[in-house]
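S.K.: Here it is, the structure, as structure tokens.
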Protein chains: 2
Amino acid sequence: MKHTVQYFKALADETRLRIMALLLTSGELCVCDLTATLQLPQSTVSRHLSYLKNAGWVNDRREGVWIYYTVAAGNNMKRHLADVLKERLPELTSVADDIKRLASLADGARCA
Amino acid sequence: MKHTVQYFKALADETRLRIMALLLTSGELCVCDLTATLQLPQSTVSRHLSYLKNAGWVNDRREGVWIYYTVAAGNNMKRHLADVLKERLPELTSVADDIKRLASLADGARCA
DNA sequence: TTGACACATTCGTCTATCCGGATATATTCT
DNA sequence: AGAATATATCCGGATAGACGAATGTGTCAA
């Protein structure tokens, strides 16, 4: 039960919902891509990623200087929630804007 | 988006998840049924019901002295989330215990 | 080894929310 | 009106979490 509450706490924040939407849509993103897309300070993005990781929503993987985040596989409850998020979050205008903004970043040169 | 965040904030608490599970399972319950089932102070239960109502998760209906709460109908996002909750929350032991405890209350004399 | 870059963490501050006893309100019955 | 019951709200105190600038850490290349 504690874990379940933690899942929802992790989703109870606008920035973290935007991050989840981007990861669910794009599969895998590094912190600089997320920072550029969300247009927020890097420390803010990193802090929220840390929260999502502790809650079990995402995994990270280092590749050289970059750290890539993905949505973690999970139990029934989490998988079903992720399905709902993936389907419904893009209906929100701010999420749709994020997805467009991410797509418009130059592919090779996303990270300054 | 603000509303969506509010939906999740409302679910980011153990007591409120337990309440949602009971309402999703039983359809309609008055505050005294919930208080007896959850074994929490009445003011605590009432406060959480108020939070759920403000977030748009539940509706209330007065019938004499009692106030009955039900899960509110909602948009796509909310309906899908409610479906997941209804299906998955009873898998948690504390929720299953609540459901049993509610069932064991004498039908006619639930409210002291 | 020095510099540059990506990322994480620390820090002080501020706001939201939790708790539960006490109290207020609404309704019904006599 | 007055008492009893169900529910809501108030209160003070405690904790969690958000923010962003500054600083720390890890990696690579020259």
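Residue names in the structure tokens use chain letters A, B, ... in the order shown, residue numbers from 1 in each chain, and ligand numbers from 1 in the order shown.
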Within 8 Å of chain B, which residues of chain A are there when counting only C-alpha atoms? Please give them as a list in words.
M.R.: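 Within 8 Å of chain B on chain A, we get Met1, Lys2, Val5, Gln6, Tyr7, Phe8, Lys9, Leu11, Ala12, Asp13, Glu14, Leu17, Asn76, Met77, His80, Leu81, Val84, Arg88, Leu92, Thr93 and Ser94 of chain A.
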S.K.: Counting only C-alpha atoms (C1' of nucleotides), which residues of chain A come no farther than 9 Å from chain C, as a VMD selection string?
M.R.: chain A and resid 31 to 32 42 to 43 46 to 47 50 65 to 67 111 to 112
S.K.: As a PyMOL selection string, please: all residues of stretch 6-106 of chain B that backbone DSSP puts in alpha helix (DSSP H).
M.R.: chain B and resi 6-11+14-26+31-38+42-54+76-88+93-104
S.K.: Please, what distance in Å, to one decimal, runs between atom CA of A:Lys100 and atom CA of A:Glu63?
M.R.: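 Those two atoms sit 25.4 Å apart.
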S.K.: Counting only C-alpha atoms (C1' of nucleotides), which of B:Thr35, B:Leu40, B:Trp57, B:Lys86 gets nearest to chain D?
M.R.: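 The answer is B:Thr35, which sits nearest to chain D.
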S.K.: For a test of reading the model, state the distance in Å between atom CA of B:Gly56 and atom CA of B:Ala72, rounded to one decimal.
M.R.: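 Between these atoms lies a distance of 6.9 Å.
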S.K.: I'd like a table as CSV: residues in chain D with an atom no more than 12 Å from chain A, each row giving the shortest atom pair and its distance in Å to one decimal, only C-alpha atoms (C1' of nucleotides) counted, sorted by chain and rising residue number.
M.R.:
residue,atom,partner,partner_atom,distance
D:DA16,C1',A:Lys9,CA,10.9
D:DG17,C1',A:Asp13,CA,10.2
D:DA18,C1',A:Thr44,CA,9.2
D:DC19,C1',A:Thr44,CA,7.6
D:DG20,C1',A:Pro41,CA,7.1
D:DA21,C1',A:Ser43,CA,9.3
D:DA22,C1',A:Ser43,CA,10.6
D:DT23,C1',A:Ser43,CA,11.6
D:DT25,C1',A:Val65,CA,11.9
D:DG26,C1',A:Val65,CA,8.0
D:DT27,C1',A:Val65,CA,5.5
D:DC28,C1',A:Val65,CA,7.6
S.K.: Go ahead and write the residues just picked, N, CA and C atoms (P, O5', C5', C4', C3', O3' and C1' of nucleotides), as a PDB file, in the first residue's frame.
M.R.:
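Once written, selection-v6.pdb looks like this:
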ATOM      1  P    DA D  16       8.255  14.102   6.884  1.00  0.00           P
ATOM      2  O5'  DA D  16       7.579  14.617   5.541  1.00  0.00           O
ATOM      3  C5'  DA D  16       6.197  14.343   5.313  1.00  0.00           C
ATOM      4  C4'  DA D  16       5.813  14.888   3.963  1.00  0.00           C
ATOM      5  C3'  DA D  16       6.864  14.680   2.883  1.00  0.00           C
ATOM      6  O3'  DA D  16       6.203  14.423   1.655  1.00  0.00           O
ATOM      7  C1'  DA D  16       6.535  16.999   3.222  1.00  0.00           C
ATOM      8  P    DG D  17       7.040  13.966   0.379  1.00  0.00           P
ATOM      9  O5'  DG D  17       7.057  15.284  -0.492  1.00  0.00           O
ATOM     10  C5'  DG D  17       5.841  15.930  -0.798  1.00  0.00           C
ATOM     11  C4'  DG D  17       6.141  17.315  -1.349  1.00  0.00           C
ATOM     12  C3'  DG D  17       7.263  17.326  -2.400  1.00  0.00           C
ATOM     13  O3'  DG D  17       6.847  18.137  -3.469  1.00  0.00           O
ATOM     14  C1'  DG D  17       7.662  18.935  -0.771  1.00  0.00           C
ATOM     15  P    DA D  18       7.404  17.928  -4.948  1.00  0.00           P
ATOM     16  O5'  DA D  18       7.433  19.412  -5.505  1.00  0.00           O
ATOM     17  C5'  DA D  18       6.330  20.278  -5.255  1.00  0.00           C
ATOM     18  C4'  DA D  18       6.797  21.706  -5.383  1.00  0.00           C
ATOM     19  C3'  DA D  18       7.936  21.884  -6.388  1.00  0.00           C
ATOM     20  O3'  DA D  18       7.588  22.809  -7.404  1.00  0.00           O
ATOM     21  C1'  DA D  18       8.532  22.808  -4.248  1.00  0.00           C
ATOM     22  P    DC D  19       8.569  23.000  -8.647  1.00  0.00           P
ATOM     23  O5'  DC D  19       9.481  24.229  -8.222  1.00  0.00           O
ATOM     24  C5'  DC D  19       8.885  25.458  -7.828  1.00  0.00           C
ATOM     25  C4'  DC D  19       9.972  26.382  -7.334  1.00  0.00           C
ATOM     26  C3'  DC D  19      11.194  26.392  -8.238  1.00  0.00           C
ATOM     27  O3'  DC D  19      11.213  27.592  -8.992  1.00  0.00           O
ATOM     28  C1'  DC D  19      11.782  26.258  -5.905  1.00  0.00           C
ATOM     29  P    DG D  20      11.963  27.588 -10.402  1.00  0.00           P
ATOM     30  O5'  DG D  20      13.406  28.162 -10.018  1.00  0.00           O
ATOM     31  C5'  DG D  20      13.504  29.305  -9.213  1.00  0.00           C
ATOM     32  C4'  DG D  20      14.943  29.487  -8.753  1.00  0.00           C
ATOM     33  C3'  DG D  20      15.997  29.187  -9.826  1.00  0.00           C
ATOM     34  O3'  DG D  20      17.136  29.985  -9.549  1.00  0.00           O
ATOM     35  C1'  DG D  20      16.335  27.771  -8.037  1.00  0.00           C
ATOM     36  P    DA D  21      18.002  30.563 -10.771  1.00  0.00           P
ATOM     37  O5'  DA D  21      19.279  31.100  -9.993  1.00  0.00           O
ATOM     38  C5'  DA D  21      19.098  31.898  -8.822  1.00  0.00           C
ATOM     39  C4'  DA D  21      20.199  31.591  -7.808  1.00  0.00           C
ATOM     40  C3'  DA D  21      21.597  31.490  -8.412  1.00  0.00           C
ATOM     41  O3'  DA D  21      22.526  32.166  -7.566  1.00  0.00           O
ATOM     42  C1'  DA D  21      21.056  29.479  -7.271  1.00  0.00           C
ATOM     43  P    DA D  22      24.102  32.210  -7.967  1.00  0.00           P
ATOM     44  O5'  DA D  22      24.760  31.046  -7.094  1.00  0.00           O
ATOM     45  C5'  DA D  22      24.462  30.991  -5.703  1.00  0.00           C
ATOM     46  C4'  DA D  22      25.138  29.763  -5.092  1.00  0.00           C
ATOM     47  C3'  DA D  22      26.564  29.514  -5.595  1.00  0.00           C
ATOM     48  O3'  DA D  22      27.391  29.172  -4.498  1.00  0.00           O
ATOM     49  C1'  DA D  22      25.244  27.587  -5.924  1.00  0.00           C
ATOM     50  P    DT D  23      29.000  28.985  -4.710  1.00  0.00           P
ATOM     51  O5'  DT D  23      29.193  27.424  -4.509  1.00  0.00           O
ATOM     52  C5'  DT D  23      28.492  26.767  -3.445  1.00  0.00           C
ATOM     53  C4'  DT D  23      28.503  25.265  -3.669  1.00  0.00           C
ATOM     54  C3'  DT D  23      29.867  24.701  -4.095  1.00  0.00           C
ATOM     55  O3'  DT D  23      30.192  23.632  -3.230  1.00  0.00           O
ATOM     56  C1'  DT D  23      28.150  23.878  -5.471  1.00  0.00           C
ATOM     57  P    DT D  25      32.047  16.101  -4.042  1.00  0.00           P
ATOM     58  O5'  DT D  25      31.559  15.395  -5.376  1.00  0.00           O
ATOM     59  C5'  DT D  25      30.272  14.766  -5.400  1.00  0.00           C
ATOM     60  C4'  DT D  25      30.069  14.089  -6.751  1.00  0.00           C
ATOM     61  C3'  DT D  25      31.275  13.283  -7.248  1.00  0.00           C
ATOM     62  O3'  DT D  25      30.791  12.049  -7.725  1.00  0.00           O
ATOM     63  C1'  DT D  25      30.574  14.795  -8.905  1.00  0.00           C
ATOM     64  P    DG D  26      31.832  10.831  -8.040  1.00  0.00           P
ATOM     65  O5'  DG D  26      31.641  10.681  -9.615  1.00  0.00           O
ATOM     66  C5'  DG D  26      30.343  10.415 -10.122  1.00  0.00           C
ATOM     67  C4'  DG D  26      30.373  10.557 -11.633  1.00  0.00           C
ATOM     68  C3'  DG D  26      31.531   9.816 -12.300  1.00  0.00           C
ATOM     69  O3'  DG D  26      31.006   9.174 -13.449  1.00  0.00           O
ATOM     70  C1'  DG D  26      31.552  12.085 -12.942  1.00  0.00           C
ATOM     71  P    DT D  27      31.866   7.999 -14.169  1.00  0.00           P
ATOM     72  O5'  DT D  27      32.211   8.660 -15.580  1.00  0.00           O
ATOM     73  C5'  DT D  27      31.142   9.144 -16.382  1.00  0.00           C
ATOM     74  C4'  DT D  27      31.708  10.024 -17.472  1.00  0.00           C
ATOM     75  C3'  DT D  27      32.914   9.429 -18.190  1.00  0.00           C
ATOM     76  O3'  DT D  27      32.524   9.158 -19.522  1.00  0.00           O
ATOM     77  C1'  DT D  27      33.196  11.739 -17.723  1.00  0.00           C
ATOM     78  P    DC D  28      33.510   8.266 -20.478  1.00  0.00           P
ATOM     79  O5'  DC D  28      34.160   9.402 -21.398  1.00  0.00           O
ATOM     80  C5'  DC D  28      33.316  10.256 -22.158  1.00  0.00           C
ATOM     81  C4'  DC D  28      34.095  11.487 -22.575  1.00  0.00           C
ATOM     82  C3'  DC D  28      35.388  11.181 -23.345  1.00  0.00           C
ATOM     83  O3'  DC D  28      35.272  11.720 -24.650  1.00  0.00           O
ATOM     84  C1'  DC D  28      35.722  12.861 -21.686  1.00  0.00           C
TER      85       DC D  28
END
S.K.: In Å to one decimal, how far is atom CA of A:Arg101 from atom CA of A:Tyr51?
M.R.: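 Atom CA of A:Arg101 lies 23.8 Å from atom CA of A:Tyr51.
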S.K.: Set the distance at 9 Å and use only C-alpha atoms (C1' of nucleotides): which residues neighbour B:Glu28 once local chain neighbours fewer than 5 positions away are removed? I'd like the list as a list in words.
M.R.: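 Answer for this query is Leu22, Leu23, Tyr68, Tyr69, Thr70 and Val71 of chain B.
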S.K.: List every residue of stretch 6-102 of chain B that DSSP, applied to the backbone of this structure, assigns to strand (DSSP E), and report them as number ranges by chain.
M.R.: B: 29-30, 58-63, 66-71
